[in-house]
Amino acid sequence: MPSGTPRIFVSHLSDTAVFDPNGDQVGRVRDLVAMLRVGNRPPILLGLVVELSTRRRIFLPMTRVTGIQAGQVITTGVLNVRRFEQRPTERLVIGELLDRRVRLVDSGEEVTVLDVSVQQLPARRDWEIDRVYVRKGKAGTFRRAKGEALTVEWSAVTGFTLEEQGQGAESLLATFEQLRAADLANVLHHLSPKRRIEVAAALDDDRLADVLEELPEDDQIEILGKLQEERAADVLEAMDPDDAADLLSELPEDEQEKLLELMQPQDAADVRRLMAYEERTAGGLMTTEPIVLPPDATVADALARVRNPDLSPALAAQVYVCRPPDQTPTGKYLGTIHFQRLLRDPPFTLVGAMLDKDLQTLSPDTSLPEVTSFFATYDMVAAPVVDDSGSLLGAVTVDDVLDHLLPDDWRENEFHSAEVNPVHE
């Protein structure tokens, strides 16, 4: 290869920005598409899977790539915005080739693929996968083991065309570890069912819970159904109670009960309570884990709770003050404090002295249209749900309302949106 043609490892291309000739960003690289060839001939790199700002995924042929340099991909500007659909002869390089178990031709030793490199052929616009970065050692332990890592020619390994059961996912997840949960959900949605289950199984409980909340309903049910029951219960515990309740409600009753029995009693109790309400009511929409403080807590205490990075911005926008107990359902609900008010008062101020008592509350039976009107009337991002005895049951957030106002298949449509921006020809 000529010195002017750089070798690029595909893990470095993931999430790389894609620009048109005018310097305008058109999307980001989510994967590469290759075609395996007979014998040990290096695969041809057909193109890139590019995710547009609308989250629509398109195919960008390598013939329309004019440069890959300094963390960016430059294109000719001519893009076909038809949604990418993988053909039977094509392989997703990041999604399907990384973490495979293959064999070294010379020794027959089994190794795990950590990465592959691509390079443009001299005097041509064609690209091919030329090298494979592998590690020796047992499957599933290569990141912890001290097995030798080495880079070999594509022709030095064999086994990429064989069907593999139980393929790992550590290298793929390392490639996508910086993605937001919604973006990783988009990645999983576009993988094959087999690969989607393998990747989901490799995520830790908290990360998988966050990703499940962003997936279409069919994907959620598929993934949960493939997990071992104990693991499925752990993931449900890590989900927001309202999202876990929504997911469980889509399962047969016997499966619901089995998973609830395996969950921690307190987590299961929260989910059961939510499942008892009609779906399109405040009780069915609410989360049971808002920020609750006693009246003798201080502004400093409240701000410390608000800083919790696991809270959504909507839940962190308000603090609810109640008599003990401070776990929902609480003692008597006293009032709400908005985040902006917390910023205006000294840290030692007691929250019981700064309540907004005029804000109306929602009953658990309040219908979705009424909840929507409440949010629009008072410009709220969250609202308390209080029962007839005056106890706080939870809080409805604006994202919960939007989830139920949009069509049932809105997540699926979002991943396959046909709304795209015009592209320069």
# chains A, B, ... in the order shown; residues from 1 in each chain; ligands from 1

$ residues_around --residues "segment 391-398 of chain A" --least-positions-apart "5" --cutoff "7 Å" --atoms "only C-alpha atoms" --output "list in words"
Ala282, Leu285, Met286, Thr287, Thr288, Glu289, Pro290, Ala314, Leu315, Thr328, Pro329, Thr330, Gly331, Lys332, Tyr333, Val381, Ala382, Ala383, Pro384, Val385 and Val386 of chain A

$ write_last_selection --atoms "C-alpha atoms" --output "PDB file, in the first residue's frame"
ATOM      1  CA  ALA A 282     -52.416  10.200  36.320  1.00  0.00           C
ATOM      2  CA  LEU A 285     -48.616   7.762  34.149  1.00  0.00           C
ATOM      3  CA  MET A 286     -46.845   8.693  37.381  1.00  0.00           C
ATOM      4  CA  THR A 287     -43.517   7.604  38.773  1.00  0.00           C
ATOM      5  CA  THR A 288     -43.408   6.556  42.414  1.00  0.00           C
ATOM      6  CA  GLU A 289     -39.901   7.982  42.959  1.00  0.00           C
ATOM      7  CA  PRO A 290     -40.072  11.792  43.009  1.00  0.00           C
ATOM      8  CA  ALA A 314     -38.267  16.859  34.790  1.00  0.00           C
ATOM      9  CA  LEU A 315     -38.139  15.014  38.132  1.00  0.00           C
ATOM     10  CA  THR A 328     -44.627   7.043  48.486  1.00  0.00           C
ATOM     11  CA  PRO A 329     -47.381   6.797  49.514  1.00  0.00           C
ATOM     12  CA  THR A 330     -46.195   9.424  51.960  1.00  0.00           C
ATOM     13  CA  GLY A 331     -47.652  11.097  54.977  1.00  0.00           C
ATOM     14  CA  LYS A 332     -49.657  14.294  54.440  1.00  0.00           C
ATOM     15  CA  TYR A 333     -48.595  16.230  51.324  1.00  0.00           C
ATOM     16  CA  VAL A 381     -42.819  19.908  33.686  1.00  0.00           C
ATOM     17  CA  ALA A 382     -43.972  17.765  36.646  1.00  0.00           C
ATOM     18  CA  ALA A 383     -47.046  17.574  38.875  1.00  0.00           C
ATOM     19  CA  PRO A 384     -47.836  15.844  42.204  1.00  0.00           C
ATOM     20  CA  VAL A 385     -50.398  13.030  42.373  1.00  0.00           C
ATOM     21  CA  VAL A 386     -52.245  12.983  45.713  1.00  0.00           C
TER      22      VAL A 386
END

$ closest_atom_pairs --of "segment 351-371 of chain A" --to "segment 259-278 of chain A" --cutoff "12 Å" --atoms "only C-alpha atoms" --output "JSON lines"
{"residue": "A:Ser363", "atom": "CA", "partner": "A:Tyr277", "partner_atom": "CA", "distance": 11.4}
{"residue": "A:Pro364", "atom": "CA", "partner": "A:Tyr277", "partner_atom": "CA", "distance": 7.6}
{"residue": "A:Asp365", "atom": "CA", "partner": "A:Tyr277", "partner_atom": "CA", "distance": 7.7}
{"residue": "A:Thr366", "atom": "CA", "partner": "A:Glu278", "partner_atom": "CA", "distance": 9.9}
{"residue": "A:Ser367", "atom": "CA", "partner": "A:Glu278", "partner_atom": "CA", "distance": 9.0}
{"residue": "A:Leu368", "atom": "CA", "partner": "A:Glu278", "partner_atom": "CA", "distance": 10.2}

$ write_last_selection --atoms "N, CA and C atoms" --output "CSV table (one decimal), in the first residue's frame"
chain,number,residue,atom,x,y,z
A,363,SER,N,-55.4,13.9,41.1
A,363,SER,CA,-55.8,12.7,41.7
A,363,SER,C,-55.4,11.5,40.8
A,364,PRO,N,-55.2,10.4,41.4
A,364,PRO,CA,-54.7,9.2,40.5
A,364,PRO,C,-55.7,8.9,39.4
A,365,ASP,N,-56.9,9.3,39.5
A,365,ASP,CA,-57.9,8.9,38.5
A,365,ASP,C,-58.1,10.0,37.4
A,366,THR,N,-57.3,11.1,37.5
A,366,THR,CA,-57.4,12.2,36.5
A,366,THR,C,-57.0,11.6,35.2
A,367,SER,N,-57.9,11.9,34.2
A,367,SER,CA,-57.7,11.3,32.8
A,367,SER,C,-56.5,12.0,32.1
A,368,LEU,N,-56.0,11.4,31.1
A,368,LEU,CA,-54.9,11.9,30.3
A,368,LEU,C,-55.2,13.3,29.7

$ select_by_dssp --residues "segment 112-217 of chain A" --states "helix (DSSP H, G or I)" --output "ChimeraX atom specification"
/A:154-156,170-175,181-189,193-202,205-212,217

$ residues_around --residues "Pro346 of chain A" --least-positions-apart "2" --cutoff "10 Å" --atoms "only C-alpha atoms" --output "ChimeraX atom specification"
/A:298-300,342-344,348-350

$ write_last_selection --atoms "all heavy atoms" --output "tab-separated table (two decimals), in the first residue's frame"
chain	number	residue	atom	x	y	z
A	298	THR	N	-33.46	21.19	54.79
A	298	THR	CA	-32.99	22.51	54.37
A	298	THR	C	-32.88	22.60	52.85
A	298	THR	O	-32.94	21.58	52.14
A	298	THR	CB	-31.61	22.81	54.97
A	298	THR	OG1	-30.65	21.88	54.43
A	298	THR	CG2	-31.64	22.70	56.48
A	299	VAL	N	-32.68	23.82	52.37
A	299	VAL	CA	-32.43	24.03	50.95
A	299	VAL	C	-31.20	23.24	50.50
A	299	VAL	O	-31.17	22.66	49.41
A	299	VAL	CB	-32.24	25.53	50.65
A	299	VAL	CG1	-31.68	25.75	49.25
A	299	VAL	CG2	-33.57	26.27	50.80
A	300	ALA	N	-30.18	23.19	51.35
A	300	ALA	CA	-28.97	22.42	51.01
A	300	ALA	C	-29.31	20.95	50.82
A	300	ALA	O	-28.79	20.30	49.89
A	300	ALA	CB	-27.92	22.59	52.11
A	342	LEU	N	-35.35	27.20	44.99
A	342	LEU	CA	-34.23	26.68	45.80
A	342	LEU	C	-32.96	27.47	45.55
A	342	LEU	O	-32.13	27.63	46.46
A	342	LEU	CB	-33.99	25.21	45.49
A	342	LEU	CG	-35.08	24.23	45.91
A	342	LEU	CD1	-34.77	22.83	45.37
A	342	LEU	CD2	-35.22	24.18	47.42
A	343	LEU	N	-32.79	27.98	44.34
A	343	LEU	CA	-31.58	28.73	43.99
A	343	LEU	C	-31.59	30.15	44.57
A	343	LEU	O	-30.55	30.80	44.63
A	343	LEU	CB	-31.43	28.80	42.47
A	343	LEU	CG	-31.23	27.47	41.74
A	343	LEU	CD1	-31.16	27.70	40.24
A	343	LEU	CD2	-29.98	26.77	42.23
A	344	ARG	N	-32.76	30.61	45.00
A	344	ARG	CA	-32.86	32.00	45.44
A	344	ARG	C	-32.78	32.17	46.96
A	344	ARG	O	-32.71	33.28	47.45
A	344	ARG	CB	-34.19	32.61	44.94
A	344	ARG	CG	-34.28	32.76	43.44
A	344	ARG	CD	-35.41	33.71	43.05
A	344	ARG	NE	-36.71	33.20	43.41
A	344	ARG	CZ	-37.53	32.55	42.57
A	344	ARG	NH1	-37.13	32.31	41.33
A	344	ARG	NH2	-38.71	32.13	42.97
A	348	PHE	N	-29.42	27.29	54.42
A	348	PHE	CA	-29.93	26.84	55.73
A	348	PHE	C	-31.44	27.00	55.86
A	348	PHE	O	-32.02	26.59	56.87
A	348	PHE	CB	-29.24	27.60	56.86
A	348	PHE	CG	-29.30	29.11	56.71
A	348	PHE	CD1	-30.45	29.82	57.06
A	348	PHE	CD2	-28.21	29.81	56.20
A	348	PHE	CE1	-30.50	31.19	56.91
A	348	PHE	CE2	-28.26	31.18	56.04
A	348	PHE	CZ	-29.40	31.88	56.39
A	349	THR	N	-32.11	27.60	54.87
A	349	THR	CA	-33.55	27.82	54.94
A	349	THR	C	-34.29	26.47	54.97
A	349	THR	O	-33.97	25.55	54.22
A	349	THR	CB	-34.04	28.62	53.72
A	349	THR	OG1	-33.29	29.83	53.63
A	349	THR	CG2	-35.52	28.93	53.84
A	350	LEU	N	-35.29	26.37	55.85
A	350	LEU	CA	-36.09	25.14	55.92
A	350	LEU	C	-37.08	25.11	54.76
A	350	LEU	O	-37.73	26.12	54.44
A	350	LEU	CB	-36.85	25.06	57.24
A	350	LEU	CG	-35.99	25.00	58.52
A	350	LEU	CD1	-36.90	24.88	59.74
A	350	LEU	CD2	-35.02	23.82	58.46

$ atom_distance --atom1 "atom CA of Gln256 of chain A" --atom2 "atom CA of Gly284 of chain A"
16.6 Å

$ residues_around --residues "Phe59 of chain A" --least-positions-apart "6" --cutoff "12 Å" --atoms "only C-alpha atoms" --output "ChimeraX atom specification"
/A:27-34,46-52,65,78-87,92

$ closest_atom_pairs --of "segment 69-165 of chain A" --to "segment 12-22 of chain A" --cutoff "7 Å" --atoms "only C-alpha atoms" --output "CSV"
residue,atom,partner,partner_atom,distance
A:Gly71,CA,A:Thr16,CA,5.9
A:Gln72,CA,A:Ala17,CA,5.2
A:Val73,CA,A:Val18,CA,4.6
A:Ile74,CA,A:Phe19,CA,5.0
A:Thr75,CA,A:Asp20,CA,5.2
A:Thr76,CA,A:Pro21,CA,6.1
A:Gly77,CA,A:Asp20,CA,4.6

$ write_last_selection --atoms "all heavy atoms" --output "compact mmCIF listing (two decimals), in the first residue's frame"
# COMPACT_ATOMS: atom_id res chain seq x y z
N GLY A 71 -10.77 12.51 12.25
CA GLY A 71 -12.04 12.30 12.92
C GLY A 71 -13.24 12.77 12.16
O GLY A 71 -14.27 13.11 12.77
N GLN A 72 -13.17 12.80 10.84
CA GLN A 72 -14.33 13.21 10.05
C GLN A 72 -14.35 12.48 8.72
O GLN A 72 -13.33 12.06 8.20
CB GLN A 72 -14.32 14.72 9.82
CG GLN A 72 -13.10 15.23 9.07
CD GLN A 72 -13.10 16.74 8.93
OE1 GLN A 72 -13.98 17.41 9.44
NE2 GLN A 72 -12.12 17.27 8.24
N VAL A 73 -15.56 12.34 8.20
CA VAL A 73 -15.76 11.73 6.89
C VAL A 73 -16.31 12.80 5.96
O VAL A 73 -17.30 13.47 6.30
CB VAL A 73 -16.73 10.53 6.96
CG1 VAL A 73 -17.04 9.99 5.57
CG2 VAL A 73 -16.16 9.43 7.85
N ILE A 74 -15.68 12.97 4.79
CA ILE A 74 -16.12 13.97 3.82
C ILE A 74 -16.78 13.23 2.65
O ILE A 74 -16.24 12.24 2.14
CB ILE A 74 -14.94 14.82 3.30
CG1 ILE A 74 -14.14 15.38 4.48
CG2 ILE A 74 -15.46 15.94 2.41
CD1 ILE A 74 -14.92 16.28 5.38
N THR A 75 -17.94 13.72 2.22
CA THR A 75 -18.67 13.07 1.13
C THR A 75 -18.76 14.00 -0.07
O THR A 75 -18.44 15.19 0.00
CB THR A 75 -20.10 12.70 1.57
OG1 THR A 75 -20.90 13.90 1.63
CG2 THR A 75 -20.09 12.04 2.93
N THR A 76 -19.25 13.43 -1.16
CA THR A 76 -19.48 14.23 -2.37
C THR A 76 -20.69 15.14 -2.22
O THR A 76 -20.89 16.05 -3.02
CB THR A 76 -19.72 13.31 -3.57
OG1 THR A 76 -20.91 12.52 -3.34
CG2 THR A 76 -18.53 12.39 -3.82
N GLY A 77 -21.53 14.87 -1.20
CA GLY A 77 -22.74 15.65 -0.98
C GLY A 77 -23.96 15.06 -1.64
O GLY A 77 -25.07 15.53 -1.44

$ residues_around --residues "Lys226 of chain A" --least-positions-apart "3" --cutoff "8 Å" --atoms "only C-alpha atoms" --output "PyMOL selection string"
chain A and resi 197+222-223

$ write_last_selection --atoms "N, CA and C atoms" --output "CSV table (one decimal), in the first residue's frame"
chain,number,residue,atom,x,y,z
A,197,ILE,N,-30.0,-9.7,21.0
A,197,ILE,CA,-30.1,-10.4,22.2
A,197,ILE,C,-28.7,-10.6,22.9
A,222,GLU,N,-39.2,-8.8,23.3
A,222,GLU,CA,-38.2,-9.8,22.8
A,222,GLU,C,-37.0,-9.9,23.7
A,223,ILE,N,-36.4,-8.8,24.1
A,223,ILE,CA,-35.2,-8.9,24.9
A,223,ILE,C,-35.5,-9.4,26.3

$ closest_residue --among "A:Val319, A:Thr377, A:Ala200, A:Asp403" --to "Arg307 of chain A" --atoms "only C-alpha atoms"
A:Val319

$ closest_residue --among "A:Val38, A:Val111, A:Leu405, A:Ile44" --to "Glu128 of chain A" --atoms "only C-alpha atoms"
A:Ile44

$ select_by_dssp --residues "segment 38-257 of chain A" --states "strand (DSSP E)" --output "VMD selection string"
chain A and resid 44 to 51 57 to 61 65 to 69 72 to 75 90 to 92 101 to 104 110 to 120 127 to 136 149 to 153 157 to 158

$ closest_residue --among "A:Thr372, A:Gln120, A:Gln178, A:Gln220" --to "Pro193 of chain A" --atoms "only C-alpha atoms"
A:Gln220

$ closest_residue --among "A:Val211, A:Leu172, A:Val292, A:Leu45" --to "Asn186 of chain A" --atoms "only C-alpha atoms"
A:Val211

$ residues_around --residues "His404 of chain A" --least-positions-apart "2" --cutoff "9 Å" --atoms "only C-alpha atoms" --output "mmCIF file with C-alpha atoms, in the first residue's frame"
data_model
loop_
_atom_site.group_PDB
_atom_site.id
_atom_site.type_symbol
_atom_site.label_atom_id
_atom_site.label_comp_id
_atom_site.auth_asym_id
_atom_site.auth_seq_id
_atom_site.Cartn_x
_atom_site.Cartn_y
_atom_site.Cartn_z
ATOM 1 C CA GLU A 279 -53.011 3.289 31.879
ATOM 2 C CA ARG A 280 -54.236 6.677 30.618
ATOM 3 C CA LEU A 285 -48.616 7.762 34.149
ATOM 4 C CA LEU A 368 -54.901 11.923 30.318
ATOM 5 C CA ASP A 399 -42.124 13.103 29.234
ATOM 6 C CA ASP A 400 -44.648 10.580 30.622
ATOM 7 C CA VAL A 401 -47.450 12.671 29.146
ATOM 8 C CA LEU A 402 -45.754 12.936 25.748
ATOM 9 C CA LEU A 406 -47.903 10.089 20.731
ATOM 10 C CA PRO A 407 -49.033 7.046 18.704
ATOM 11 C CA ASP A 408 -48.288 3.647 20.268
#

$ residues_around --residues "segment 229-239 of chain A" --least-positions-apart "2" --cutoff "7 Å" --atoms "only C-alpha atoms" --output "compact mmCIF listing (two decimals) with all heavy atoms, in the first residue's frame"
# COMPACT_ATOMS: atom_id res chain seq x y z
N ASP A 205 -27.06 -4.19 34.21
CA ASP A 205 -28.49 -4.03 34.47
C ASP A 205 -28.97 -2.60 34.28
O ASP A 205 -30.01 -2.34 33.67
CB ASP A 205 -28.83 -4.50 35.89
CG ASP A 205 -28.67 -6.00 36.06
OD1 ASP A 205 -28.54 -6.70 35.04
OD2 ASP A 205 -28.66 -6.47 37.21
N ASP A 206 -28.21 -1.62 34.82
CA ASP A 206 -28.64 -0.23 34.75
C ASP A 206 -28.64 0.28 33.30
O ASP A 206 -29.58 0.97 32.88
CB ASP A 206 -27.74 0.65 35.61
CG ASP A 206 -27.93 0.42 37.09
OD1 ASP A 206 -29.03 -0.05 37.47
OD2 ASP A 206 -27.00 0.69 37.87
N LEU A 208 -28.84 -1.56 30.54
CA LEU A 208 -29.89 -2.23 29.79
C LEU A 208 -31.26 -1.66 30.14
O LEU A 208 -32.12 -1.50 29.26
CB LEU A 208 -29.85 -3.73 30.06
CG LEU A 208 -30.90 -4.58 29.34
CD1 LEU A 208 -30.88 -4.34 27.84
CD2 LEU A 208 -30.71 -6.06 29.65
N ALA A 209 -31.46 -1.33 31.41
CA ALA A 209 -32.74 -0.73 31.82
C ALA A 209 -32.97 0.59 31.10
O ALA A 209 -34.06 0.85 30.58
CB ALA A 209 -32.76 -0.53 33.33
N ASP A 210 -31.94 1.43 31.04
CA ASP A 210 -32.06 2.71 30.35
C ASP A 210 -32.35 2.51 28.86
O ASP A 210 -33.16 3.25 28.27
CB ASP A 210 -30.77 3.52 30.51
CG ASP A 210 -30.54 4.00 31.93
OD1 ASP A 210 -31.52 4.03 32.70
OD2 ASP A 210 -29.39 4.33 32.27
N LEU A 224 -36.56 -8.90 26.90
CA LEU A 224 -36.89 -9.37 28.24
C LEU A 224 -37.18 -10.87 28.23
O LEU A 224 -36.80 -11.59 29.15
CB LEU A 224 -38.09 -8.59 28.79
CG LEU A 224 -38.32 -8.70 30.29
CD1 LEU A 224 -37.24 -7.94 31.04
CD2 LEU A 224 -39.70 -8.17 30.67
N LEU A 227 -33.96 -13.07 28.31
CA LEU A 227 -33.11 -13.04 29.50
C LEU A 227 -33.54 -14.13 30.48
O LEU A 227 -34.71 -14.52 30.52
CB LEU A 227 -33.20 -11.68 30.20
CG LEU A 227 -32.77 -10.44 29.41
CD1 LEU A 227 -33.03 -9.18 30.24
CD2 LEU A 227 -31.30 -10.53 29.01
N PRO A 241 -40.08 2.78 37.77
CA PRO A 241 -41.24 1.94 38.06
C PRO A 241 -42.36 2.06 37.04
O PRO A 241 -43.00 1.05 36.70
CB PRO A 241 -41.69 2.44 39.44
CG PRO A 241 -40.45 2.98 40.06
CD PRO A 241 -39.68 3.60 38.93
N ASP A 243 -42.09 2.76 33.83
CA ASP A 243 -41.70 2.06 32.60
C ASP A 243 -41.74 0.55 32.81
O ASP A 243 -42.15 -0.20 31.90
CB ASP A 243 -40.30 2.49 32.17
CG ASP A 243 -40.26 3.92 31.66
OD1 ASP A 243 -41.10 4.26 30.80
OD2 ASP A 243 -39.43 4.70 32.12
N ALA A 244 -41.32 0.09 33.98
CA ALA A 244 -41.39 -1.35 34.27
C ALA A 244 -42.84 -1.82 34.29
O ALA A 244 -43.15 -2.91 33.78
CB ALA A 244 -40.72 -1.63 35.62
N LEU A 259 -42.27 -12.74 37.37
CA LEU A 259 -41.22 -11.73 37.45
C LEU A 259 -41.38 -10.84 38.68
O LEU A 259 -40.39 -10.48 39.33
CB LEU A 259 -41.20 -10.89 36.17
CG LEU A 259 -40.72 -11.62 34.91
CD1 LEU A 259 -40.96 -10.77 33.66
CD2 LEU A 259 -39.25 -11.98 35.03
N LEU A 262 -39.97 -12.41 41.69
CA LEU A 262 -38.52 -12.45 41.72
C LEU A 262 -37.90 -11.09 42.05
O LEU A 262 -36.73 -11.01 42.42
CB LEU A 262 -37.97 -12.93 40.38
CG LEU A 262 -38.20 -14.41 40.04
CD1 LEU A 262 -37.81 -14.69 38.60
CD2 LEU A 262 -37.41 -15.31 40.99
N MET A 263 -38.68 -10.01 41.92
CA MET A 263 -38.18 -8.68 42.21
C MET A 263 -38.11 -8.44 43.72
O MET A 263 -38.75 -9.13 44.51
CB MET A 263 -39.08 -7.62 41.56
CG MET A 263 -39.04 -7.64 40.03
SD MET A 263 -40.28 -6.52 39.28
CE MET A 263 -39.67 -4.91 39.83
N ASP A 267 -39.58 -2.85 45.33
CA ASP A 267 -39.69 -2.53 43.90
C ASP A 267 -40.94 -3.14 43.30
O ASP A 267 -41.65 -2.49 42.51
CB ASP A 267 -38.45 -3.03 43.16
CG ASP A 267 -37.19 -2.30 43.57
OD1 ASP A 267 -37.24 -1.07 43.72
OD2 ASP A 267 -36.15 -2.97 43.74

$ atom_distance --atom1 "atom CA of Pro294 of chain A" --atom2 "atom CA of Thr336 of chain A"
11.4 Å

$ closest_residue --among "A:Leu184, A:Met35, A:Asp242, A:Ala202" --to "Glu214 of chain A" --atoms "only C-alpha atoms"
A:Leu184

$ decode --residues "segment 195-276 of chain A" --atoms "C-alpha atoms" --output "PDB file, in the first residue's frame"
ATOM      1  CA  ARG A 195     -27.098 -10.045  17.691  1.00  0.00           C
ATOM      2  CA  ARG A 196     -29.561  -7.784  19.514  1.00  0.00           C
ATOM      3  CA  ILE A 197     -30.057 -10.414  22.239  1.00  0.00           C
ATOM      4  CA  GLU A 198     -26.308 -11.018  22.557  1.00  0.00           C
ATOM      5  CA  VAL A 199     -25.577  -7.311  22.947  1.00  0.00           C
ATOM      6  CA  ALA A 200     -28.431  -6.792  25.413  1.00  0.00           C
ATOM      7  CA  ALA A 201     -27.176  -9.713  27.510  1.00  0.00           C
ATOM      8  CA  ALA A 202     -23.718  -8.088  27.695  1.00  0.00           C
ATOM      9  CA  LEU A 203     -25.020  -4.767  29.067  1.00  0.00           C
ATOM     10  CA  ASP A 204     -25.080  -4.251  32.807  1.00  0.00           C
ATOM     11  CA  ASP A 205     -28.492  -4.033  34.468  1.00  0.00           C
ATOM     12  CA  ASP A 206     -28.640  -0.229  34.748  1.00  0.00           C
ATOM     13  CA  ARG A 207     -27.504   0.389  31.164  1.00  0.00           C
ATOM     14  CA  LEU A 208     -29.887  -2.234  29.785  1.00  0.00           C
ATOM     15  CA  ALA A 209     -32.737  -0.735  31.817  1.00  0.00           C
ATOM     16  CA  ASP A 210     -32.056   2.713  30.347  1.00  0.00           C
ATOM     17  CA  VAL A 211     -31.879   1.287  26.825  1.00  0.00           C
ATOM     18  CA  LEU A 212     -35.055  -0.783  27.211  1.00  0.00           C
ATOM     19  CA  GLU A 213     -36.969   2.358  28.167  1.00  0.00           C
ATOM     20  CA  GLU A 214     -36.024   3.844  24.776  1.00  0.00           C
ATOM     21  CA  LEU A 215     -36.857   0.810  22.612  1.00  0.00           C
ATOM     22  CA  PRO A 216     -40.098   0.041  20.777  1.00  0.00           C
ATOM     23  CA  GLU A 217     -42.450  -2.263  22.647  1.00  0.00           C
ATOM     24  CA  ASP A 218     -41.783  -5.316  20.446  1.00  0.00           C
ATOM     25  CA  ASP A 219     -38.020  -5.045  21.045  1.00  0.00           C
ATOM     26  CA  GLN A 220     -38.567  -4.663  24.796  1.00  0.00           C
ATOM     27  CA  ILE A 221     -40.674  -7.814  24.981  1.00  0.00           C
ATOM     28  CA  GLU A 222     -38.250  -9.762  22.773  1.00  0.00           C
ATOM     29  CA  ILE A 223     -35.202  -8.864  24.873  1.00  0.00           C
ATOM     30  CA  LEU A 224     -36.890  -9.371  28.242  1.00  0.00           C
ATOM     31  CA  GLY A 225     -38.192 -12.751  27.103  1.00  0.00           C
ATOM     32  CA  LYS A 226     -34.699 -13.960  26.162  1.00  0.00           C
ATOM     33  CA  LEU A 227     -33.105 -13.039  29.500  1.00  0.00           C
ATOM     34  CA  GLN A 228     -32.968 -15.512  32.354  1.00  0.00           C
ATOM     35  CA  GLU A 229     -35.859 -14.811  34.711  1.00  0.00           C
ATOM     36  CA  GLU A 230     -33.637 -13.665  37.589  1.00  0.00           C
ATOM     37  CA  ARG A 231     -31.771 -11.278  35.275  1.00  0.00           C
ATOM     38  CA  ALA A 232     -35.042  -9.990  33.800  1.00  0.00           C
ATOM     39  CA  ALA A 233     -36.289  -9.218  37.316  1.00  0.00           C
ATOM     40  CA  ASP A 234     -33.046  -7.357  38.123  1.00  0.00           C
ATOM     41  CA  VAL A 235     -33.417  -5.238  34.972  1.00  0.00           C
ATOM     42  CA  LEU A 236     -37.037  -4.445  35.788  1.00  0.00           C
ATOM     43  CA  GLU A 237     -35.909  -3.267  39.249  1.00  0.00           C
ATOM     44  CA  ALA A 238     -33.383  -0.939  37.591  1.00  0.00           C
ATOM     45  CA  MET A 239     -36.040   0.594  35.317  1.00  0.00           C
ATOM     46  CA  ASP A 240     -38.204   3.520  36.350  1.00  0.00           C
ATOM     47  CA  PRO A 241     -41.244   1.936  38.064  1.00  0.00           C
ATOM     48  CA  ASP A 242     -43.699   3.422  35.553  1.00  0.00           C
ATOM     49  CA  ASP A 243     -41.702   2.064  32.605  1.00  0.00           C
ATOM     50  CA  ALA A 244     -41.387  -1.345  34.271  1.00  0.00           C
ATOM     51  CA  ALA A 245     -45.143  -1.375  34.875  1.00  0.00           C
ATOM     52  CA  ASP A 246     -45.841  -0.498  31.236  1.00  0.00           C
ATOM     53  CA  LEU A 247     -43.553  -3.300  30.038  1.00  0.00           C
ATOM     54  CA  LEU A 248     -44.950  -5.908  32.415  1.00  0.00           C
ATOM     55  CA  SER A 249     -48.499  -5.024  31.430  1.00  0.00           C
ATOM     56  CA  GLU A 250     -47.719  -6.264  27.907  1.00  0.00           C
ATOM     57  CA  LEU A 251     -46.814  -9.747  29.172  1.00  0.00           C
ATOM     58  CA  PRO A 252     -49.191 -12.626  29.967  1.00  0.00           C
ATOM     59  CA  GLU A 253     -50.434 -12.551  33.560  1.00  0.00           C
ATOM     60  CA  ASP A 254     -48.536 -15.672  34.623  1.00  0.00           C
ATOM     61  CA  GLU A 255     -45.256 -14.176  33.370  1.00  0.00           C
ATOM     62  CA  GLN A 256     -46.038 -10.862  35.079  1.00  0.00           C
ATOM     63  CA  GLU A 257     -46.549 -12.583  38.410  1.00  0.00           C
ATOM     64  CA  LYS A 258     -43.446 -14.755  38.075  1.00  0.00           C
ATOM     65  CA  LEU A 259     -41.215 -11.733  37.446  1.00  0.00           C
ATOM     66  CA  LEU A 260     -42.843  -9.668  40.193  1.00  0.00           C
ATOM     67  CA  GLU A 261     -42.207 -12.489  42.668  1.00  0.00           C
ATOM     68  CA  LEU A 262     -38.516 -12.447  41.724  1.00  0.00           C
ATOM     69  CA  MET A 263     -38.179  -8.679  42.212  1.00  0.00           C
ATOM     70  CA  GLN A 264     -37.263  -7.044  45.510  1.00  0.00           C
ATOM     71  CA  PRO A 265     -40.474  -6.641  47.566  1.00  0.00           C
ATOM     72  CA  GLN A 266     -40.352  -2.820  47.654  1.00  0.00           C
ATOM     73  CA  ASP A 267     -39.687  -2.528  43.905  1.00  0.00           C
ATOM     74  CA  ALA A 268     -42.411  -5.050  43.144  1.00  0.00           C
ATOM     75  CA  ALA A 269     -44.856  -3.198  45.420  1.00  0.00           C
ATOM     76  CA  ASP A 270     -44.271   0.069  43.518  1.00  0.00           C
ATOM     77  CA  VAL A 271     -44.841  -1.642  40.177  1.00  0.00           C
ATOM     78  CA  ARG A 272     -47.956  -3.487  41.367  1.00  0.00           C
ATOM     79  CA  ARG A 273     -49.384  -0.207  42.639  1.00  0.00           C
ATOM     80  CA  LEU A 274     -48.875   1.435  39.249  1.00  0.00           C
ATOM     81  CA  MET A 275     -50.330  -1.522  37.371  1.00  0.00           C
ATOM     82  CA  ALA A 276     -53.514  -1.204  39.440  1.00  0.00           C
TER      83      ALA A 276
END
